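Heads up, structure_0.cif below (mmCIF, C-alpha atoms):
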data_entry
#
loop_
_atom_site.label_atom_id
_atom_site.label_comp_id
_atom_site.auth_asym_id
_atom_site.auth_seq_id
_atom_site.Cartn_x
_atom_site.Cartn_y
_atom_site.Cartn_z
CA GLU V 169 125.25 -89.97 93.31
CA ASP V 170 126.70 -88.49 96.48
CA PHE V 171 124.11 -87.79 99.16
CA ALA V 172 125.46 -84.26 99.48
CA SER V 173 124.10 -83.45 96.02
CA LEU V 174 120.61 -84.32 97.22
CA ASN V 175 121.10 -83.04 100.72
CA GLY V 176 122.24 -79.60 99.69
CA SER V 177 124.79 -77.60 101.62
CA ALA V 178 125.31 -78.46 105.25
CA LYS V 179 125.69 -74.76 105.98
CA ALA V 180 122.86 -72.48 106.87
CA THR V 181 121.78 -70.07 104.19
CA ASN V 182 122.14 -66.37 104.77
CA ASP V 183 118.37 -66.03 104.93
CA ARG V 184 117.95 -68.50 107.77
CA LYS V 185 114.63 -67.81 109.43
CA PRO V 186 112.66 -69.09 112.43
CA LEU V 187 109.88 -71.46 111.50
CA ALA V 188 107.25 -68.84 112.33
CA GLN V 189 108.64 -66.58 109.59
CA LEU V 190 108.60 -69.18 106.80
CA ASP V 191 105.64 -68.97 104.44
CA GLN V 192 103.78 -71.98 103.11
CA ALA V 193 105.55 -71.82 99.74
CA ALA V 194 108.94 -72.18 101.43
CA LEU V 195 107.70 -75.10 103.53
CA ASP V 196 106.18 -76.78 100.47
CA GLU V 197 109.54 -76.52 98.74
CA ALA V 198 111.29 -78.00 101.80
CA TYR V 199 108.89 -80.93 101.92
CA GLU V 200 109.24 -81.48 98.18
CA ARG V 201 112.99 -81.77 98.57
CA CYS V 202 112.52 -84.27 101.40
CA GLY V 203 110.25 -86.26 99.10
CA LEU V 204 112.92 -86.32 96.40
CA VAL V 205 115.54 -87.60 98.83
CA THR V 206 113.17 -90.28 100.16
CA GLU V 207 112.25 -91.40 96.66
CA TYR V 208 115.90 -91.58 95.66
CA TYR V 209 117.03 -93.72 98.59
CA ALA V 210 113.87 -95.67 99.47
CA LYS V 211 111.82 -95.96 96.28
CA THR V 212 109.49 -98.71 97.45
CA PHE V 213 108.84 -97.06 100.81
CA PHE V 214 108.24 -93.74 99.05
CA LEU V 215 105.67 -95.45 96.83
CA GLY V 216 103.91 -96.73 99.92
CA THR V 217 103.70 -93.26 101.42
CA GLN V 218 101.55 -92.23 98.45
CA LEU V 219 98.68 -94.08 100.14
CA MET V 220 98.90 -91.82 103.18
CA THR V 221 97.28 -88.44 103.45
CA PRO V 222 99.57 -85.75 101.96
CA GLU V 223 100.20 -84.28 105.41
CA LYS V 224 101.33 -87.63 106.83
CA ALA V 225 103.43 -88.51 103.79
CA ARG V 226 105.29 -85.20 103.94
CA ALA V 227 105.94 -85.61 107.64
CA ILE V 228 107.32 -89.12 107.12
CA TRP V 229 109.64 -87.80 104.38
CA ALA V 230 110.94 -85.10 106.73
CA ILE V 231 111.69 -87.66 109.45
CA TYR V 232 113.27 -90.04 106.94
CA VAL V 233 115.59 -87.32 105.64
CA TRP V 234 116.71 -86.31 109.13
CA CYS V 235 117.49 -89.97 109.90
CA ARG V 236 119.32 -90.33 106.60
CA ARG V 237 121.43 -87.25 107.23
CA THR V 238 122.20 -88.44 110.75
CA ASP V 239 123.32 -91.84 109.50
CA GLU V 240 125.48 -90.24 106.81
CA LEU V 241 127.50 -88.49 109.51
CA VAL V 242 129.11 -91.78 110.54
CA ASP V 243 128.62 -93.94 107.44
CA GLY V 244 128.78 -91.41 104.60
CA PRO V 245 131.65 -90.25 102.40
CA HIS V 246 132.91 -87.79 105.04
CA ALA V 247 132.54 -90.15 108.02
CA SER V 248 136.28 -90.22 108.74
CA LYS V 249 136.16 -86.50 109.55
CA VAL V 250 133.23 -86.73 111.96
CA THR V 251 134.14 -86.22 115.63
CA PRO V 252 132.15 -86.33 118.88
CA LYS V 253 132.12 -82.54 118.70
CA ALA V 254 130.44 -82.69 115.27
CA LEU V 255 127.74 -84.97 116.69
CA ALA V 256 127.26 -82.55 119.58
CA ARG V 257 126.69 -79.75 117.08
CA TRP V 258 124.23 -81.96 115.18
CA GLU V 259 122.32 -82.55 118.42
CA GLU V 260 122.25 -78.81 119.07
CA ARG V 261 120.68 -78.41 115.62
CA LEU V 262 118.10 -81.02 116.59
CA GLU V 263 117.18 -79.09 119.74
CA ALA V 264 116.84 -75.96 117.60
CA VAL V 265 114.48 -77.79 115.23
CA PHE V 266 112.18 -78.68 118.12
CA ASP V 267 112.39 -75.05 119.29
CA GLY V 268 111.20 -73.86 115.87
CA GLU V 269 114.63 -72.53 114.84
CA PRO V 270 115.63 -74.66 111.83
CA TYR V 271 119.19 -74.44 110.50
CA ASP V 272 118.32 -75.09 106.85
CA MET V 273 115.29 -75.90 104.71
CA LEU V 274 115.41 -79.65 105.32
CA ASP V 275 115.43 -78.93 109.04
CA ALA V 276 112.49 -76.59 108.45
CA ALA V 277 110.39 -79.48 107.13
CA LEU V 278 111.09 -81.44 110.30
CA ALA V 279 110.39 -78.39 112.48
CA ASP V 280 107.00 -78.05 110.80
CA THR V 281 106.37 -81.78 111.27
CA VAL V 282 107.02 -81.73 115.01
CA ARG V 283 104.78 -78.67 115.25
CA ASN V 284 101.91 -80.54 113.58
CA PHE V 285 102.30 -84.02 115.10
CA PRO V 286 102.94 -85.22 118.70
CA VAL V 287 106.51 -86.34 117.95
CA ASP V 288 108.82 -86.61 120.97
CA ILE V 289 112.45 -85.50 120.76
CA GLN V 290 113.88 -88.33 122.86
CA ALA V 291 113.93 -90.89 120.04
CA PHE V 292 115.90 -88.41 117.92
CA ARG V 293 118.40 -87.85 120.73
CA ASP V 294 118.74 -91.61 121.14
CA MET V 295 119.56 -91.99 117.44
CA VAL V 296 122.38 -89.45 117.76
CA ASP V 297 123.65 -91.53 120.70
CA GLY V 298 123.65 -94.52 118.36
CA MET V 299 125.93 -92.63 116.01
CA ARG V 300 128.22 -91.89 118.97
CA MET V 301 128.44 -95.64 119.56
CA ASP V 302 129.64 -96.10 115.97
CA LEU V 303 132.47 -93.65 116.61
CA VAL V 304 133.88 -95.56 119.57
CA LYS V 305 132.58 -99.14 119.45
CA ALA V 306 133.60 -101.68 116.81
CA ARG V 307 132.69 -104.92 118.64
CA TYR V 308 129.67 -106.16 120.59
CA GLN V 309 130.24 -108.81 123.21
CA THR V 310 126.60 -109.86 123.73
CA PHE V 311 123.21 -109.55 122.06
CA GLU V 312 122.11 -107.26 124.89
CA GLU V 313 124.82 -104.79 123.81
CA LEU V 314 123.84 -105.17 120.17
CA TYR V 315 120.15 -104.69 120.97
CA GLU V 316 120.91 -101.32 122.56
CA TYR V 317 122.74 -100.27 119.40
CA CYS V 318 119.91 -101.52 117.14
CA TYR V 319 117.37 -99.64 119.24
CA ARG V 320 119.30 -96.40 118.98
CA VAL V 321 120.04 -96.44 115.26
CA ALA V 322 116.85 -98.10 113.97
CA GLY V 323 114.26 -98.88 116.64
CA THR V 324 114.00 -95.15 117.27
CA VAL V 325 112.64 -94.66 113.74
CA GLY V 326 109.47 -96.54 114.68
CA LEU V 327 109.03 -94.34 117.75
CA MET V 328 109.50 -91.21 115.63
CA THR V 329 107.01 -92.20 112.92
CA THR V 330 104.20 -93.91 114.85
CA PRO V 331 102.74 -90.59 116.13
CA VAL V 332 102.55 -89.43 112.49
CA MET V 333 101.08 -92.63 111.10
CA GLY V 334 98.49 -92.81 113.85
CA ILE V 335 96.87 -95.70 115.66
CA ALA V 336 93.68 -97.29 114.32
CA PRO V 337 90.55 -95.83 116.00
CA LYS V 338 89.13 -99.35 116.50
CA PHE V 339 92.24 -100.60 118.29
CA SER V 340 91.26 -101.23 121.91
CA GLY V 341 94.56 -102.47 123.35
CA GLU V 342 97.37 -100.60 125.00
CA ILE V 343 99.10 -97.97 122.87
CA GLU V 344 102.41 -99.41 124.07
CA GLU V 345 101.68 -102.52 121.96
CA THR V 346 101.79 -100.47 118.76
CA TYR V 347 104.96 -98.67 119.78
CA GLY V 348 106.47 -102.01 120.76
CA ALA V 349 105.73 -103.38 117.28
CA ALA V 350 107.26 -100.29 115.65
CA LEU V 351 110.36 -100.75 117.79
CA ALA V 352 110.53 -104.44 116.82
CA LEU V 353 110.46 -103.56 113.11
CA GLY V 354 113.43 -101.24 113.56
CA ILE V 355 115.33 -103.93 115.47
CA ALA V 356 114.52 -106.51 112.77
CA ASN V 357 115.60 -104.19 109.96
CA GLN V 358 118.90 -103.38 111.64
CA LEU V 359 119.66 -107.02 112.42
CA THR V 360 119.01 -107.75 108.74
CA ASN V 361 121.37 -104.93 107.69
CA ILE V 362 124.04 -106.34 109.98
CA LEU V 363 123.70 -109.89 108.60
CA ARG V 364 123.72 -108.65 105.01
CA ASP V 365 126.81 -106.47 105.52
CA VAL V 366 129.12 -108.69 107.61
CA GLY V 367 131.85 -108.80 104.96
CA GLU V 368 131.51 -105.14 104.01
CA ASP V 369 131.64 -103.95 107.64
CA VAL V 370 134.80 -105.96 108.29
CA ALA V 371 136.55 -104.90 105.10
CA SER V 372 135.73 -101.20 105.09
CA ARG V 373 135.23 -100.34 108.76
CA ASP V 374 136.87 -103.09 110.83
CA ARG V 375 133.53 -103.55 112.57
CA ILE V 376 131.97 -106.80 113.74
CA TYR V 377 128.40 -106.26 114.89
CA VAL V 378 127.36 -109.89 115.45
CA PRO V 379 127.83 -110.78 119.14
CA LEU V 380 131.27 -112.17 119.95
CA ASP V 381 129.97 -114.52 122.63
CA GLU V 382 127.63 -116.10 120.08
CA LEU V 383 130.48 -116.55 117.62
CA GLU V 384 132.36 -118.32 120.38
CA ARG V 385 129.34 -120.51 121.14
CA PHE V 386 129.40 -121.75 117.55
CA GLY V 387 133.15 -122.34 117.67
CA ILE V 388 134.06 -119.35 115.48
CA ALA V 389 137.04 -117.13 116.22
CA GLU V 390 136.96 -113.37 115.64
CA GLU V 391 139.99 -113.73 113.34
CA GLU V 392 138.03 -116.03 111.05
CA VAL V 393 135.42 -113.31 110.54
CA LEU V 394 138.13 -110.71 109.97
CA ASN V 395 139.93 -112.70 107.29
CA GLY V 396 136.77 -114.03 105.62
CA SER V 397 137.99 -117.62 105.78
CA LEU V 398 134.56 -118.95 106.77
CA VAL V 399 133.46 -118.85 103.13
CA THR V 400 135.87 -119.81 100.34
CA GLU V 401 135.54 -120.68 96.68
CA GLU V 402 137.26 -124.01 97.29
CA GLY V 403 135.41 -125.12 100.40
CA GLY V 404 132.14 -123.21 100.17
CA THR V 405 130.46 -122.13 103.38
CA ASP V 406 131.88 -123.46 106.64
CA GLU V 407 129.23 -125.50 108.46
CA ARG V 408 129.87 -123.57 111.68
CA TRP V 409 129.09 -120.28 109.88
CA ARG V 410 126.02 -121.81 108.27
CA LYS V 411 124.63 -122.85 111.67
CA PHE V 412 125.56 -119.47 113.19
CA MET V 413 123.78 -117.58 110.42
CA LYS V 414 120.68 -119.76 110.68
CA PHE V 415 120.51 -118.83 114.37
CA GLN V 416 120.91 -115.12 113.61
CA ILE V 417 118.29 -115.16 110.84
CA GLU V 418 115.82 -116.98 113.07
CA ARG V 419 116.14 -114.20 115.65
CA ALA V 420 115.67 -111.47 113.03
CA ARG V 421 112.51 -113.22 111.80
CA TYR V 422 111.23 -113.35 115.36
CA TYR V 423 111.39 -109.56 115.53
CA PHE V 424 109.75 -109.25 112.12
CA LYS V 425 106.87 -111.38 113.42
CA LEU V 426 106.48 -109.13 116.48
CA ALA V 427 106.37 -106.15 114.13
CA GLU V 428 103.86 -107.74 111.75
CA ASP V 429 101.45 -108.34 114.62
CA GLY V 430 101.44 -104.59 115.33
CA VAL V 431 101.22 -103.16 111.80
CA MET V 432 97.48 -103.73 111.63
CA LYS V 433 97.01 -101.56 114.70
CA LEU V 434 98.14 -98.50 112.75
CA GLU V 435 95.65 -96.30 110.93
CA GLU V 436 94.60 -98.00 107.72
CA ASN V 437 96.37 -95.65 105.28
CA ALA V 438 99.70 -96.25 107.05
CA ARG V 439 99.62 -100.05 107.03
CA TRP V 440 100.66 -100.81 103.47
CA PRO V 441 103.92 -98.78 103.37
CA VAL V 442 105.05 -100.23 106.70
CA LEU V 443 104.09 -103.77 105.73
CA SER V 444 105.80 -103.34 102.34
CA ALA V 445 109.04 -102.41 104.09
CA LEU V 446 108.63 -105.39 106.42
CA VAL V 447 108.06 -107.87 103.59
CA LEU V 448 110.92 -106.48 101.51
CA TYR V 449 113.44 -106.61 104.33
CA GLN V 450 112.52 -110.20 105.15
CA GLN V 451 113.36 -111.04 101.54
CA ILE V 452 116.94 -109.92 102.20
CA LEU V 453 117.13 -112.75 104.73
CA ASP V 454 115.81 -115.10 102.04
CA SER V 455 118.59 -113.90 99.74
CA ILE V 456 121.27 -114.56 102.38
CA GLU V 457 119.97 -118.12 102.63
CA ALA V 458 119.90 -118.46 98.84
CA ASN V 459 123.57 -117.40 98.80
CA ASP V 460 124.36 -120.25 101.21
CA TYR V 461 125.04 -117.69 103.95
CA ASP V 462 127.97 -116.16 102.04
CA ASN V 463 127.82 -112.57 103.24
CA PHE V 464 131.56 -112.06 102.73
CA ASN V 465 131.74 -112.32 98.95
CA GLN V 466 128.12 -111.82 97.92
CA ARG V 467 125.73 -109.01 98.83
CA ALA V 468 122.21 -110.23 99.41
CA TYR V 469 119.76 -108.03 97.58
CA VAL V 470 116.18 -108.11 96.36
CA GLY V 471 115.80 -107.57 92.62
CA LYS V 472 113.50 -104.90 91.23
CA LEU V 473 110.97 -107.39 89.87
CA LYS V 474 110.81 -109.24 93.17
CA LYS V 475 110.34 -105.93 94.98
CA LEU V 476 107.44 -104.99 92.73
CA ALA V 477 105.91 -108.45 93.11
CA SER V 478 105.93 -108.07 96.89
CA LEU V 479 103.79 -104.93 96.86
CA PRO V 480 100.52 -106.70 95.93
CA LYS V 481 101.34 -109.35 98.54
CA SER V 482 101.64 -106.83 101.35
CA TYR V 483 98.59 -104.92 100.12
CA TRP V 484 96.54 -108.13 100.13
CA MET V 485 97.69 -108.84 103.70
CA VAL V 486 96.16 -105.49 104.69
CA ILE V 487 92.92 -106.23 102.79
CA GLU V 488 92.61 -109.67 104.39
CA ASN V 489 93.06 -108.16 107.85
CA ASN V 490 90.42 -105.51 107.12
CA LEU V 491 87.96 -108.15 105.98
CA ARG V 492 88.57 -110.29 109.08
CA ASN V 493 88.11 -107.36 111.42
CA GLY V 494 85.42 -105.47 109.54
CA ALA V 495 87.69 -102.46 108.99
#
For the file at hand, write its structure as structure tokens.
Amino acid sequence: EDFASLNGSAKATNDRKPLAQLDQAALDEAYERCGLVTEYYAKTFFLGTQLMTPEKARAIWAIYVWCRRTDELVDGPHASKVTPKALARWEERLEAVFDGEPYDMLDAALADTVRNFPVDIQAFRDMVDGMRMDLVKARYQTFEELYEYCYRVAGTVGLMTTPVMGIAPKFSGEIEETYGAALALGIANQLTNILRDVGEDVASRDRIYVPLDELERFGIAEEEVLNGSLVTEEGGTDERWRKFMKFQIERARYYFKLAEDGVMKLEENARWPVLSALVLYQQILDSIEANDYDNFNQRAYVGKLKKLASLPKSYWMVIENNLRNGA
């Protein structure tokens, strides 16, 4: 199903109203639609939000939908028509949301969220900048360049949602630690996306996200990535690619570990959905390994049964932490 059918029209309705003029019934409907979109695209995460208070869950859905719509601008079915000017207009809409002047009902849910929670606009602006990078940048020379991209398109999500999820009252450390962990989870998730989609990104977008200097370090030429010759039916996976991918996966797992250390510093009802997402995404890395690092011809995915089996695991991790710390 095309996202547009869930997203609704991109145009403002004739009865566009400032947030202050929207009644609770209209806002409830807006949040419900955000929930439907979240459930459709992120079923497991949506399930986890059911453990949150209704107010927090709705706010997380609103943020998720804005991020999804932003990503669709450069990676969706109409991406080829998106220009820098279109992203500038999208950023103007964002500013209007934070000013209480939503463009449509999905924007209205986010406008209500930022009214009710201490969410800062800068992370949202940074995500739009990440989309601008996708319009003009198809190669990354170093990991430092790639890290900036990963922060903008994914690390920002952690900074957007942490004020909604809340920090555990018993946590006595620096608040920056929790935000740092949220940022690390976004970085880890995006690195995982990149490793899963190497073949797809080359074939459909002529993009290579893995750092070129690291390819060179492992004796791999850019052309070999472009033509997919590193993995063949006859020869299997090239040993150079296998070693390269092991290095990349090790780094992604490092960021997952940083994130895991910070999840337990969130308020208790927010831990399970975040930890579920963390556990599930790590399983994509497991799948890449199980495919002998063939991310050109095979898409690493986590089956439905394995996803469901991981939920009790992540829930028990939360329970164990609570028992250890008397939460």
**OP:** Record the distance separating CA of Ile376 (chain V) and CA of Lys305 (chain V), expressed in Å with one decimal.
**Re:**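 CA of Ile376 (chain V) sits 9.6 Å away from CA of Lys305 (chain V).
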**OP:** Select all residues near (111.7, -84.0, 99.4) (cut-off 10 Å, inclusive, file coordinates), counting only C-alpha atoms, and output them as a list in words.
**Re:**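 So the residues meeting the distance criterion are Leu174, Asn175, Asp196, Glu197, Ala198, Tyr199, Glu200, Arg201, Cys202, Gly203, Leu204, Val205, Thr206, Glu207, Tyr208, Arg226, Trp229, Ala230, Tyr232, Val233, Leu274 and Ala277 of chain V.
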Go through the shown structure with the PyMOL selection byres ((chain V and resi 407) around 12) and write out the matching residues as a PDB file with C-alpha atoms, keeping the file's coordinate frame.
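Resulting contents of part27.pdb:
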ATOM      1  CA  PHE V 386     129.400-121.750 117.550  1.00  0.00           C
ATOM      2  CA  GLY V 387     133.150-122.340 117.670  1.00  0.00           C
ATOM      3  CA  ILE V 388     134.060-119.350 115.480  1.00  0.00           C
ATOM      4  CA  LEU V 398     134.560-118.950 106.770  1.00  0.00           C
ATOM      5  CA  VAL V 399     133.460-118.850 103.130  1.00  0.00           C
ATOM      6  CA  THR V 400     135.870-119.810 100.340  1.00  0.00           C
ATOM      7  CA  GLY V 403     135.410-125.120 100.400  1.00  0.00           C
ATOM      8  CA  GLY V 404     132.140-123.210 100.170  1.00  0.00           C
ATOM      9  CA  THR V 405     130.460-122.130 103.380  1.00  0.00           C
ATOM     10  CA  ASP V 406     131.880-123.460 106.640  1.00  0.00           C
ATOM     11  CA  ARG V 408     129.870-123.570 111.680  1.00  0.00           C
ATOM     12  CA  TRP V 409     129.090-120.280 109.880  1.00  0.00           C
ATOM     13  CA  ARG V 410     126.020-121.810 108.270  1.00  0.00           C
ATOM     14  CA  LYS V 411     124.630-122.850 111.670  1.00  0.00           C
ATOM     15  CA  PHE V 412     125.560-119.470 113.190  1.00  0.00           C
ATOM     16  CA  MET V 413     123.780-117.580 110.420  1.00  0.00           C
ATOM     17  CA  LYS V 414     120.680-119.760 110.680  1.00  0.00           C
ATOM     18  CA  ASP V 460     124.360-120.250 101.210  1.00  0.00           C
ATOM     19  CA  TYR V 461     125.040-117.690 103.950  1.00  0.00           C
ATOM     20  CA  ASP V 462     127.970-116.160 102.040  1.00  0.00           C
TER      21      ASP V 462
END
Original post:
For the atom pair CA of Ala225 (chain V) and CA of Phe285 (chain V), what is the interatomic distance in Å to one decimal place?
Top reply: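 So the two atoms, CA of Ala225 (chain V) and CA of Phe285 (chain V), lie 12.2 Å apart.
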Original post:
Applied to the shown file, which residues does the PyMOL selection byres ((chain V and resi 215) around 12) return, written as a VMD selection string?
Top reply: chain V and resid 203 to 204 206 to 214 216 to 220 225 229 438 440 to 442 444 to 445 475 to 476 479
Original post:
So, counting all atoms listed in the file, which residue among V:Gly367, V:Gly323, V:Gly348, V:Gly471 is closest to Glu428 (chain V)?
Top reply: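 Going through V:Gly367, V:Gly323, V:Gly348, V:Gly471 one by one, the smallest distance to Glu428 (chain V) is for V:Gly348.
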**OP:** Measure the distance from CA of Phe424 (chain V) to CA of Gln358 (chain V) in Å and round it to one decimal.
**Re:** 10.9 Å
Missing atoms in region 350-362 of chain V should be modelled up to N, CA and C atoms and reported as a PDB file, in the coordinates of the input.
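The result, written out as result.pdb:
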ATOM      1  N   ALA V 350     106.443-101.203 116.464  1.00  0.00           N
ATOM      2  CA  ALA V 350     107.260-100.290 115.650  1.00  0.00           C
ATOM      3  C   ALA V 350     108.727-100.419 116.024  1.00  0.00           C
ATOM      4  N   LEU V 351     108.991-100.548 117.315  1.00  0.00           N
ATOM      5  CA  LEU V 351     110.360-100.750 117.790  1.00  0.00           C
ATOM      6  C   LEU V 351     110.917-102.068 117.265  1.00  0.00           C
ATOM      7  N   ALA V 352     110.089-103.120 117.291  1.00  0.00           N
ATOM      8  CA  ALA V 352     110.530-104.440 116.820  1.00  0.00           C
ATOM      9  C   ALA V 352     110.893-104.413 115.341  1.00  0.00           C
ATOM     10  N   LEU V 353     110.148-103.643 114.541  1.00  0.00           N
ATOM     11  CA  LEU V 353     110.460-103.560 113.110  1.00  0.00           C
ATOM     12  C   LEU V 353     111.826-102.914 112.902  1.00  0.00           C
ATOM     13  N   GLY V 354     112.110-101.869 113.662  1.00  0.00           N
ATOM     14  CA  GLY V 354     113.430-101.240 113.560  1.00  0.00           C
ATOM     15  C   GLY V 354     114.547-102.196 113.949  1.00  0.00           C
ATOM     16  N   ILE V 355     114.337-102.947 115.026  1.00  0.00           N
ATOM     17  CA  ILE V 355     115.330-103.930 115.470  1.00  0.00           C
ATOM     18  C   ILE V 355     115.545-104.973 114.377  1.00  0.00           C
ATOM     19  N   ALA V 356     114.434-105.488 113.817  1.00  0.00           N
ATOM     20  CA  ALA V 356     114.520-106.510 112.770  1.00  0.00           C
ATOM     21  C   ALA V 356     115.249-105.995 111.543  1.00  0.00           C
ATOM     22  N   ASN V 357     114.937-104.772 111.134  1.00  0.00           N
ATOM     23  CA  ASN V 357     115.600-104.190 109.960  1.00  0.00           C
ATOM     24  C   ASN V 357     117.094-104.047 110.188  1.00  0.00           C
ATOM     25  N   GLN V 358     117.479-103.583 111.384  1.00  0.00           N
ATOM     26  CA  GLN V 358     118.900-103.380 111.640  1.00  0.00           C
ATOM     27  C   GLN V 358     119.644-104.707 111.751  1.00  0.00           C
ATOM     28  N   LEU V 359     119.030-105.702 112.375  1.00  0.00           N
ATOM     29  CA  LEU V 359     119.660-107.020 112.420  1.00  0.00           C
ATOM     30  C   LEU V 359     119.872-107.560 111.007  1.00  0.00           C
ATOM     31  N   THR V 360     118.892-107.309 110.141  1.00  0.00           N
ATOM     32  CA  THR V 360     119.010-107.750 108.740  1.00  0.00           C
ATOM     33  C   THR V 360     120.149-107.018 108.045  1.00  0.00           C
ATOM     34  N   ASN V 361     120.243-105.706 108.253  1.00  0.00           N
ATOM     35  CA  ASN V 361     121.370-104.930 107.690  1.00  0.00           C
ATOM     36  C   ASN V 361     122.706-105.523 108.135  1.00  0.00           C
ATOM     37  N   ILE V 362     122.794-105.830 109.422  1.00  0.00           N
ATOM     38  CA  ILE V 362     124.040-106.340 109.980  1.00  0.00           C
ATOM     39  C   ILE V 362     124.415-107.679 109.342  1.00  0.00           C
TER      40      ILE V 362
END
